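Visitor: Okay, handing you the structure first.
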Amino acid sequence: MSKINIFWFRRDLRLEDNAGLYHALKSGLPVLPIFIFDKNILDKLEDKADARVEFIHQEIARLSDELEKLGSGILVKYGVPHDVWTELLQEYEIDAVFTNHDYEPYARERDGEIRKLLKDNGIAFHSFKDQVIFEKDEVLKDDGEPYVVFTPYKRKWLEKLDSEMVDDGSGGMLSFYFQSYPTGKYHDHFLKTKPFEIPTLAGMGFEPAGIPFPAREVKQGIIKHYDETRNFPAVDGTSRLGIHYRFGTISIRKKARKAAILNKTYLNELIWRDFYAMILWHFPHVVDGPFRPQYADIEWRNNEQEFKKWCEGKTGYPIVDAGMRELNETGYMHNRVRMIVASFLSKHLLINWQWGEAYFAKKLLDFDLASNSGGWQWAAGCGTDAAPYFRIFNPASQQEKFDKDLNYVKKWVPEFGTKDYPEPIVDHKMARERCLEVYKKALK
DNA sequence: TGAAATGTTGGGGCG
DNA sequence: ACGCCCCAACATTTC
């Protein structure tokens, strides 16, 4: 058996502009791409019609088709990564393994184990930055500590971006950090093989969710006008690329490069993404609780019936209910509305934001641990650079500002305005004052 | 990427 | 013309 290198796909499901894959293909030995449906992760999912699993499965099938055209294939396994790698060590003569960094706590632990397993077998494990522009230790304060406030982080991020410019190949200049990896130039370095059989969704205990996935291509003009349109949920004004950023079906470098040219506000959102990934790396405790410890003392009401009504979109606050119903039906919620429903749950209802975070984690197609945690903690006031606790969104004025004509509300809450629509679950004025008291008590 | 409470100003009605 | 009040509009402070 002749030696090969392996490229391990995780959340980077594309053949173009893929850092780890590029390095693998340039390494000299034929490259066998693999993917593992990780039982450690899949077994934790309650809903067997999980659209994210379906999405990954669909994208793996697409990679398989693309590789077949190149005379190669992707080896897809279903199991616990350590067991799978132990099998792979039997099945192949592996020289080195290539992959891209994954910064989540579980992934760090998993990769540590696999790195050790491979090392014990004399095999190198090479991992690369691919899913962010700047990772954990690239944008730090002058004293070497991580930023916990966004604005100075962003300033430093932009400075670093401009610090190294290169020729873009067509006469202009381009940040070194936006350069793409010309993976396609080396596509003939894939291991020549027949296509492999891919485990079926049903075989892994899953089924299709039956909701459509957002396109990989953004409609003309959306990014260019993002700053003007992004706040209006009834307007088609956001890219909806979340799921593609999450699973790497698009290249962050390509999108950030485009954003830097077309719209600074859109680029800003990508910087937030880097920011929260960096925060999660340095402060992994944000997965299980508030970044600021004193917020753990808030006496949440945690009323189960009210939580259920929030989940189902039956709070009697139209903009909140519209958001929750959009989420339940499509796996997506407009970002402006995410802020409104999060503020409402944690502040009006005084329900632990972690309940809401967990609900989003179950429902959002674009769920990302770092950004979800960061966003919820921002809304609840307990995170890095968070909205102060006394900044309580008024659902009525948010609706007036951002959905004046009620187009969004009417789309998702058809019974709005009829007798079938429920009365508000809480009085706004009372809830606001109650929130201020409870937060003040915990924080004094 | 807040909202409400409180303070200030100035125009207009009116005696 | 003047003082007084009301209140909208805007500014500032507070939560």
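Ordering of the structure tokens sets the chain letters (A, B, ...), residue numbers begin anew at 1 in every chain, and ligands are numbered from 1 in the order given.
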Give me the residues near A:Pro388 as a ChimeraX atom specification, where near means some atom within 10 Å (using only C-alpha atoms (C1' of nucleotides)) and where sequence neighbours in that chain fewer than 5 positions away do not count.
Guide: /A:378-383 /B:2 /C:15
Visitor: Kindly provide, as a PyMOL selection string, the residues of chain A having any atom no farther than 8 Å from an atom of chain C, counting only C-alpha atoms (C1' of nucleotides).
Guide: chain A and resi 390-391+436
Visitor: Suppose you want the space between atom CA of A:Lys39 and atom CA of A:Ser64; what is it in Å?
Guide: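 Atom-to-atom, atom CA of A:Lys39 and atom CA of A:Ser64 are spaced 20.9 Å apart.
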Visitor: Quick one: distance from atom CA of A:Val235 to atom CA of A:Leu13 in Å, one decimal?
Guide: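 Those two atoms sit 29.7 Å apart.
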Visitor: Could you list, as number ranges by chain, the residues of chain B having an atom within 10 Å of chain A when counting only C-alpha atoms (C1' of nucleotides)?
Guide: B: 1-4
Visitor: Find the distance between atom CA of A:Lys441 and atom CA of A:Asp297 and write it in Å to one decimal.
Guide: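 Computing it gives 8.8 Å between the two atoms.
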Visitor: Just list the residues in stretch 84-270 of chain A DSSP gives strand (DSSP E) on the backbone, as a PDB file with N, CA and C atoms, in the first residue's frame.
Guide:
ATOM      1  N   ILE A  94      -0.811   6.281   6.240  1.00  0.00           N
ATOM      2  CA  ILE A  94      -0.951   7.742   6.265  1.00  0.00           C
ATOM      3  C   ILE A  94       0.377   8.397   6.612  1.00  0.00           C
ATOM      4  N   ASP A  95       0.734   9.381   5.803  1.00  0.00           N
ATOM      5  CA  ASP A  95       1.953  10.132   6.103  1.00  0.00           C
ATOM      6  C   ASP A  95       1.658  11.335   6.987  1.00  0.00           C
ATOM      7  N   ALA A  96       0.649  12.096   6.613  1.00  0.00           N
ATOM      8  CA  ALA A  96       0.293  13.278   7.406  1.00  0.00           C
ATOM      9  C   ALA A  96      -1.195  13.567   7.250  1.00  0.00           C
ATOM     10  N   VAL A  97      -1.732  14.249   8.249  1.00  0.00           N
ATOM     11  CA  VAL A  97      -3.147  14.637   8.225  1.00  0.00           C
ATOM     12  C   VAL A  97      -3.221  16.167   8.231  1.00  0.00           C
ATOM     13  N   PHE A  98      -4.053  16.694   7.349  1.00  0.00           N
ATOM     14  CA  PHE A  98      -4.245  18.150   7.246  1.00  0.00           C
ATOM     15  C   PHE A  98      -5.694  18.478   7.578  1.00  0.00           C
ATOM     16  N   THR A  99      -5.869  19.627   8.230  1.00  0.00           N
ATOM     17  CA  THR A  99      -7.223  20.076   8.541  1.00  0.00           C
ATOM     18  C   THR A  99      -7.196  21.572   8.805  1.00  0.00           C
ATOM     19  N   ASN A 100      -8.358  22.147   9.127  1.00  0.00           N
ATOM     20  CA  ASN A 100      -8.425  23.564   9.505  1.00  0.00           C
ATOM     21  C   ASN A 100      -8.808  23.694  10.976  1.00  0.00           C
ATOM     22  N   ALA A 124       2.090  13.139  11.347  1.00  0.00           N
ATOM     23  CA  ALA A 124       1.975  14.574  11.644  1.00  0.00           C
ATOM     24  C   ALA A 124       0.530  15.041  11.476  1.00  0.00           C
ATOM     25  N   PHE A 125       0.140  16.034  12.269  1.00  0.00           N
ATOM     26  CA  PHE A 125      -1.199  16.621  12.207  1.00  0.00           C
ATOM     27  C   PHE A 125      -1.026  18.111  11.962  1.00  0.00           C
ATOM     28  N   HIS A 126      -1.390  18.562  10.768  1.00  0.00           N
ATOM     29  CA  HIS A 126      -1.214  19.972  10.413  1.00  0.00           C
ATOM     30  C   HIS A 126      -2.561  20.668  10.353  1.00  0.00           C
ATOM     31  N   SER A 127      -2.697  21.744  11.122  1.00  0.00           N
ATOM     32  CA  SER A 127      -3.971  22.457  11.159  1.00  0.00           C
ATOM     33  C   SER A 127      -3.749  23.925  10.804  1.00  0.00           C
ATOM     34  N   PHE A 128      -4.717  24.522  10.111  1.00  0.00           N
ATOM     35  CA  PHE A 128      -4.543  25.876   9.569  1.00  0.00           C
ATOM     36  C   PHE A 128      -5.724  26.771   9.901  1.00  0.00           C
ATOM     37  N   MET A 165       0.003  44.665   2.613  1.00  0.00           N
ATOM     38  CA  MET A 165      -0.696  44.688   1.330  1.00  0.00           C
ATOM     39  C   MET A 165       0.140  43.986   0.263  1.00  0.00           C
ATOM     40  N   VAL A 166      -0.561  43.314  -0.637  1.00  0.00           N
ATOM     41  CA  VAL A 166       0.128  42.618  -1.731  1.00  0.00           C
ATOM     42  C   VAL A 166      -0.562  42.957  -3.053  1.00  0.00           C
ATOM     43  N   ASP A 167       0.125  42.657  -4.111  1.00  0.00           N
ATOM     44  CA  ASP A 167      -0.443  42.838  -5.458  1.00  0.00           C
ATOM     45  C   ASP A 167      -1.631  41.891  -5.617  1.00  0.00           C
ATOM     46  N   MET A 173      -4.039  46.718  -5.263  1.00  0.00           N
ATOM     47  CA  MET A 173      -3.458  46.171  -4.045  1.00  0.00           C
ATOM     48  C   MET A 173      -4.562  45.486  -3.230  1.00  0.00           C
ATOM     49  N   LEU A 174      -4.126  44.546  -2.424  1.00  0.00           N
ATOM     50  CA  LEU A 174      -5.065  43.713  -1.682  1.00  0.00           C
ATOM     51  C   LEU A 174      -4.422  43.356  -0.349  1.00  0.00           C
ATOM     52  N   SER A 175      -5.225  43.356   0.705  1.00  0.00           N
ATOM     53  CA  SER A 175      -4.660  42.918   1.984  1.00  0.00           C
ATOM     54  C   SER A 175      -4.183  41.468   1.867  1.00  0.00           C
TER      55      SER A 175
END
Visitor: Using DSSP assignments from the backbone, pull out every residue in stretch 189-231 of chain A that falls under alpha helix (DSSP H) and give it to me as a tab-separated table (two decimals) with C-alpha atoms, in the first residue's frame.
Guide:
chain	number	residue	atom	x	y	z
A	226	TYR	CA	-26.61	46.52	3.61
A	227	ASP	CA	-26.23	49.50	5.94
A	228	GLU	CA	-29.47	51.06	4.65
A	229	THR	CA	-31.65	47.96	4.56
Visitor: So that I can see what lies close to A:Ile34, please list as a VMD selection string the residues with an atom at most 6 Å from it, counting only C-alpha atoms (C1' of nucleotides) and leaving out residues fewer than 2 positions away in the same chain.
Guide: chain A and resid 8 74 to 76
Visitor: Near stretch 155-157 of chain A, counting only C-alpha atoms (C1' of nucleotides), which residues have an atom at most 10 Å away, once you skip same-chain residues fewer than 5 positions from it, shown as a short mmCIF file (atom, residue, chain, number, x, y, z; two decimals) with C-alpha atoms, in the first residue's frame?
Guide:
data_model
loop_
_atom_site.label_atom_id
_atom_site.label_comp_id
_atom_site.auth_asym_id
_atom_site.auth_seq_id
_atom_site.Cartn_x
_atom_site.Cartn_y
_atom_site.Cartn_z
CA ILE A 133 -9.76 36.48 9.03
CA PHE A 134 -7.93 36.98 12.34
CA GLU A 138 -3.67 37.81 16.07
CA VAL A 139 -5.52 40.87 17.34
CA LEU A 140 -4.53 41.53 20.93
CA LYS A 141 -4.04 44.60 23.09
CA ASP A 142 -0.50 46.02 23.29
CA TYR A 147 -9.77 42.69 23.88
CA PHE A 150 -15.47 45.56 20.39
CA ASP A 162 -3.97 47.14 6.14
CA SER A 163 -0.54 46.43 7.55
CA ILE A 271 -15.48 41.52 12.47
CA ASP A 274 -14.06 37.12 14.53
CA PHE A 275 -14.49 38.96 17.84
#
Visitor: Give me the residues near A:Lys258 as a compact mmCIF listing (two decimals) with C-alpha atoms, in the first residue's frame, where near means some atom within 12 Å (using only C-alpha atoms (C1' of nucleotides)) and where sequence neighbours in that chain fewer than 4 positions away do not count.
Guide:
# COMPACT_ATOMS: atom_id res chain seq x y z
CA LEU A 174 -5.07 43.71 -1.68
CA SER A 175 -4.66 42.92 1.98
CA PHE A 178 -7.82 38.54 2.04
CA GLN A 179 -5.71 36.51 -0.38
CA VAL A 218 -26.17 36.77 -2.51
CA GLY A 221 -26.99 44.87 -4.35
CA ILE A 222 -27.71 43.33 -0.95
CA ILE A 223 -24.21 43.77 0.43
CA LYS A 224 -23.77 47.14 -1.25
CA SER A 251 -14.83 31.41 1.88
CA ILE A 252 -14.63 34.07 4.58
CA ARG A 253 -11.70 35.71 2.78
CA LYS A 254 -13.67 36.12 -0.40
CA LEU A 262 -18.76 47.36 -1.01
CA ASN A 263 -20.01 48.06 2.49
CA LYS A 264 -18.20 48.78 5.77
CA THR A 265 -21.26 47.89 7.83
CA TYR A 266 -21.31 44.39 6.40
CA LEU A 267 -17.59 44.03 7.05
CA LEU A 270 -17.77 39.85 9.94
